[in-house]
Amino acid sequence: MYPPPQLQLLLKRMRRDNWISIDKSKHIHLTPSGSEAAQSVIRRHMLTEWLLSRVLDIPWSKLHSEADKLEHSISKDVEDRLVATFDDPSACPHGNPMPGQESISNNWQTLTSFTKGDTCVIKRIHEWLEDEPETMRFLEKSLVLPGNIADIQEVLSFNKTIQINIKEKPVTIGFDIADMIFAEGI
């Protein structure tokens, strides 16, 4: 079974530009220049999220989808200016580390790692949740945002939920979502 024509064309271009290699088993591998290009797009996406957040006041839950539309049109010069303007951020507004800054998350744990009575600071909403607009709106409305302090009220294994309080607001989150929210104990 062959990939669809559009994907074949994309792979052909990526191979031509030396971004990928394809081995005899048809497995695709990023080359060093492909990895560098991917990191550049990720960094531009995250910087675009900061621009949309701080300059245009786009709601936090919409930053990812709006940045997706703009990230490829940002030049290296504009990227450098965004880095300077936003003091070379180590993470995006959702707390995901910038390429090369992954070590900032070494001590972060998923919300489900905490127990009743623990207090933690929300640090990161995993990238995978950013593609779920309804979930992102819920988290924003519930104040489950990087930098906010959460008090763990209950961890209920029988129904796979965790209840937290943020700014005196109770929030119940399923384990599947809580496993993609990272925090640091305080």
# chains A, B, ... in the order shown; residues from 1 in each chain; ligands from 1
>>> closest_atom_pairs(of="stretch 100-186 of chain A", to="stretch 92-95 of chain A", cutoff="7 Å", atoms="only C-alpha atoms", output="JSON lines")
{"residue": "A:Lys123", "atom": "CA", "partner": "A:Gly95", "partner_atom": "CA", "distance": 5.6}
{"residue": "A:Arg124", "atom": "CA", "partner": "A:Gly95", "partner_atom": "CA", "distance": 4.0}
{"residue": "A:Ile125", "atom": "CA", "partner": "A:His94", "partner_atom": "CA", "distance": 5.5}
{"residue": "A:Pro146", "atom": "CA", "partner": "A:Gly95", "partner_atom": "CA", "distance": 6.1}
>>> write_last_selection(atoms="N, CA, C and O atoms", output="compact mmCIF listing (two decimals), in the first residue's frame")
# COMPACT_ATOMS: atom_id res chain seq x y z
N LYS A 123 2.35 23.69 35.37
CA LYS A 123 3.49 24.12 34.57
C LYS A 123 3.27 23.95 33.06
O LYS A 123 3.81 24.72 32.28
N ARG A 124 2.52 22.90 32.67
CA ARG A 124 2.44 22.58 31.25
C ARG A 124 1.15 21.86 30.90
O ARG A 124 0.72 20.97 31.63
N ILE A 125 0.56 22.24 29.78
CA ILE A 125 -0.54 21.52 29.17
C ILE A 125 0.05 20.89 27.91
O ILE A 125 0.50 21.59 27.01
N PRO A 146 -0.86 27.35 33.13
CA PRO A 146 0.49 27.41 33.68
C PRO A 146 0.66 28.63 34.59
O PRO A 146 0.23 29.73 34.27
>>> residues_around(residues="A:Met14", least_positions_apart="2", cutoff="12 Å", atoms="only C-alpha atoms", output="PDB file with N, CA and C atoms, in the first residue's frame")
ATOM      1  N   LEU A   7       0.997  12.988  -0.049  1.00  0.00           N
ATOM      2  CA  LEU A   7       2.048  12.602   0.889  1.00  0.00           C
ATOM      3  C   LEU A   7       3.297  12.164   0.143  1.00  0.00           C
ATOM      4  N   GLN A   8       3.129  11.469  -0.969  1.00  0.00           N
ATOM      5  CA  GLN A   8       4.282  11.066  -1.782  1.00  0.00           C
ATOM      6  C   GLN A   8       5.057  12.289  -2.258  1.00  0.00           C
ATOM      7  N   LEU A   9       4.340  13.306  -2.703  1.00  0.00           N
ATOM      8  CA  LEU A   9       4.980  14.538  -3.166  1.00  0.00           C
ATOM      9  C   LEU A   9       5.715  15.227  -2.015  1.00  0.00           C
ATOM     10  N   LEU A  10       5.081  15.299  -0.867  1.00  0.00           N
ATOM     11  CA  LEU A  10       5.697  15.915   0.303  1.00  0.00           C
ATOM     12  C   LEU A  10       6.977  15.167   0.688  1.00  0.00           C
ATOM     13  N   LEU A  11       6.916  13.839   0.730  1.00  0.00           N
ATOM     14  CA  LEU A  11       8.092  13.044   1.081  1.00  0.00           C
ATOM     15  C   LEU A  11       9.199  13.226   0.050  1.00  0.00           C
ATOM     16  N   LYS A  12       8.825  13.314  -1.217  1.00  0.00           N
ATOM     17  CA  LYS A  12       9.806  13.516  -2.283  1.00  0.00           C
ATOM     18  C   LYS A  12      10.528  14.849  -2.087  1.00  0.00           C
ATOM     19  N   ARG A  16      14.409  15.470  -1.236  1.00  0.00           N
ATOM     20  CA  ARG A  16      15.196  16.346  -2.104  1.00  0.00           C
ATOM     21  C   ARG A  16      15.940  17.401  -1.293  1.00  0.00           C
ATOM     22  N   ASP A  17      15.260  17.954  -0.283  1.00  0.00           N
ATOM     23  CA  ASP A  17      15.846  19.003   0.552  1.00  0.00           C
ATOM     24  C   ASP A  17      16.731  18.447   1.665  1.00  0.00           C
ATOM     25  N   ASN A  18      16.936  17.130   1.664  1.00  0.00           N
ATOM     26  CA  ASN A  18      17.769  16.447   2.658  1.00  0.00           C
ATOM     27  C   ASN A  18      17.228  16.608   4.084  1.00  0.00           C
ATOM     28  N   TRP A  19      15.915  16.611   4.235  1.00  0.00           N
ATOM     29  CA  TRP A  19      15.306  16.674   5.563  1.00  0.00           C
ATOM     30  C   TRP A  19      15.002  15.281   6.100  1.00  0.00           C
ATOM     31  N   ILE A  20      14.827  14.323   5.190  1.00  0.00           N
ATOM     32  CA  ILE A  20      14.551  12.952   5.614  1.00  0.00           C
ATOM     33  C   ILE A  20      15.393  11.981   4.797  1.00  0.00           C
ATOM     34  N   SER A  21      15.543  10.791   5.363  1.00  0.00           N
ATOM     35  CA  SER A  21      16.084   9.670   4.602  1.00  0.00           C
ATOM     36  C   SER A  21      15.084   8.533   4.756  1.00  0.00           C
ATOM     37  N   ILE A  22      15.052   7.670   3.759  1.00  0.00           N
ATOM     38  CA  ILE A  22      14.141   6.527   3.797  1.00  0.00           C
ATOM     39  C   ILE A  22      14.997   5.285   3.622  1.00  0.00           C
ATOM     40  N   ILE A  28      11.056   6.127   7.656  1.00  0.00           N
ATOM     41  CA  ILE A  28      11.463   7.511   7.416  1.00  0.00           C
ATOM     42  C   ILE A  28      12.221   8.013   8.642  1.00  0.00           C
ATOM     43  N   HIS A  29      13.354   8.674   8.394  1.00  0.00           N
ATOM     44  CA  HIS A  29      14.193   9.213   9.464  1.00  0.00           C
ATOM     45  C   HIS A  29      14.513  10.670   9.161  1.00  0.00           C
ATOM     46  N   LEU A  30      14.449  11.522  10.196  1.00  0.00           N
ATOM     47  CA  LEU A  30      14.873  12.908  10.030  1.00  0.00           C
ATOM     48  C   LEU A  30      16.393  12.956   9.919  1.00  0.00           C
ATOM     49  N   THR A  31      16.885  13.757   9.008  1.00  0.00           N
ATOM     50  CA  THR A  31      18.314  14.020   8.927  1.00  0.00           C
ATOM     51  C   THR A  31      18.636  15.149   9.916  1.00  0.00           C
ATOM     52  N   SER A  33      19.664  18.108   9.233  1.00  0.00           N
ATOM     53  CA  SER A  33      19.063  19.349   8.722  1.00  0.00           C
ATOM     54  C   SER A  33      17.536  19.306   8.823  1.00  0.00           C
ATOM     55  N   GLY A  34      16.935  18.122   8.699  1.00  0.00           N
ATOM     56  CA  GLY A  34      15.493  17.978   8.884  1.00  0.00           C
ATOM     57  C   GLY A  34      15.084  18.241  10.316  1.00  0.00           C
ATOM     58  N   SER A  35      15.897  17.759  11.244  1.00  0.00           N
ATOM     59  CA  SER A  35      15.631  17.996  12.664  1.00  0.00           C
ATOM     60  C   SER A  35      15.734  19.484  12.980  1.00  0.00           C
ATOM     61  N   ALA A  37      15.259  21.956  10.863  1.00  0.00           N
ATOM     62  CA  ALA A  37      14.102  22.626  10.246  1.00  0.00           C
ATOM     63  C   ALA A  37      12.844  22.425  11.090  1.00  0.00           C
ATOM     64  N   ALA A  38      12.652  21.209  11.603  1.00  0.00           N
ATOM     65  CA  ALA A  38      11.479  20.925  12.439  1.00  0.00           C
ATOM     66  C   ALA A  38      11.517  21.756  13.717  1.00  0.00           C
TER      67      ALA A  38
END
>>> residues_around(residues="stretch 107-114 of chain A", least_positions_apart="2", cutoff="10 Å", atoms="only C-alpha atoms", output="ChimeraX atom specification")
/A:103-105,116-126,150-152,154-157,160-162,164,173-185
>>> select_by_dssp(residues="stretch 13-89 of chain A", states="alpha helix (DSSP H)", output="ChimeraX atom specification")
/A:13-16,32-54,63-70,76-85
>>> write_last_selection(atoms="C-alpha atoms", output="CSV table (one decimal), in the first residue's frame")
chain,number,residue,atom,x,y,z
A,13,ARG,CA,10.4,17.2,-1.5
A,14,MET,CA,11.6,16.5,2.0
A,15,ARG,CA,14.0,13.9,0.6
A,16,ARG,CA,15.2,16.3,-2.1
A,32,PRO,CA,20.2,16.6,11.1
A,33,SER,CA,19.1,19.3,8.7
A,34,GLY,CA,15.5,18.0,8.9
A,35,SER,CA,15.6,18.0,12.7
A,36,GLU,CA,16.9,21.6,12.6
A,37,ALA,CA,14.1,22.6,10.2
A,38,ALA,CA,11.5,20.9,12.4
A,39,GLN,CA,12.8,22.6,15.6
A,40,SER,CA,12.7,26.0,13.8
A,41,VAL,CA,9.0,25.5,12.8
A,42,ILE,CA,8.2,24.5,16.4
A,43,ARG,CA,10.1,27.5,17.8
A,44,ARG,CA,8.3,29.9,15.4
A,45,HIS,CA,5.0,28.4,16.3
A,46,MET,CA,5.6,28.9,20.0
A,47,LEU,CA,6.8,32.5,19.5
A,48,THR,CA,3.7,33.2,17.4
A,49,GLU,CA,1.6,32.0,20.3
A,50,TRP,CA,3.4,34.6,22.5
A,51,LEU,CA,2.8,37.3,19.9
A,52,LEU,CA,-0.9,36.4,19.6
A,53,SER,CA,-1.3,36.2,23.4
A,54,ARG,CA,0.6,39.3,24.5
A,63,LEU,CA,-3.5,30.3,20.5
A,64,HIS,CA,-2.4,27.0,19.1
A,65,SER,CA,-4.9,26.9,16.2
A,66,GLU,CA,-4.2,30.5,15.3
A,67,ALA,CA,-0.4,30.0,15.4
A,68,ASP,CA,-0.8,27.0,13.1
A,69,LYS,CA,-2.0,29.4,10.4
A,70,LEU,CA,0.9,31.8,10.7
A,76,LYS,CA,14.3,34.2,10.6
A,77,ASP,CA,14.6,38.0,11.2
A,78,VAL,CA,11.1,38.2,12.6
A,79,GLU,CA,11.8,35.1,14.7
A,80,ASP,CA,14.9,36.8,16.2
A,81,ARG,CA,12.9,39.9,17.0
A,82,LEU,CA,10.2,37.8,18.7
A,83,VAL,CA,12.9,36.1,20.8
A,84,ALA,CA,14.2,39.5,21.9
A,85,THR,CA,10.8,41.0,22.4
>>> atom_distance(atom1="atom CA of A:Leu143", atom2="atom CA of A:Trp60")
10.6 Å
>>> closest_residue(among="A:Gln163, A:Ser90, A:Glu132, A:Glu127", to="A:Thr115", atoms="only C-alpha atoms")
A:Gln163
>>> atom_distance(atom1="atom CA of A:Ile186", atom2="atom CA of A:Trp128")
25.7 Å
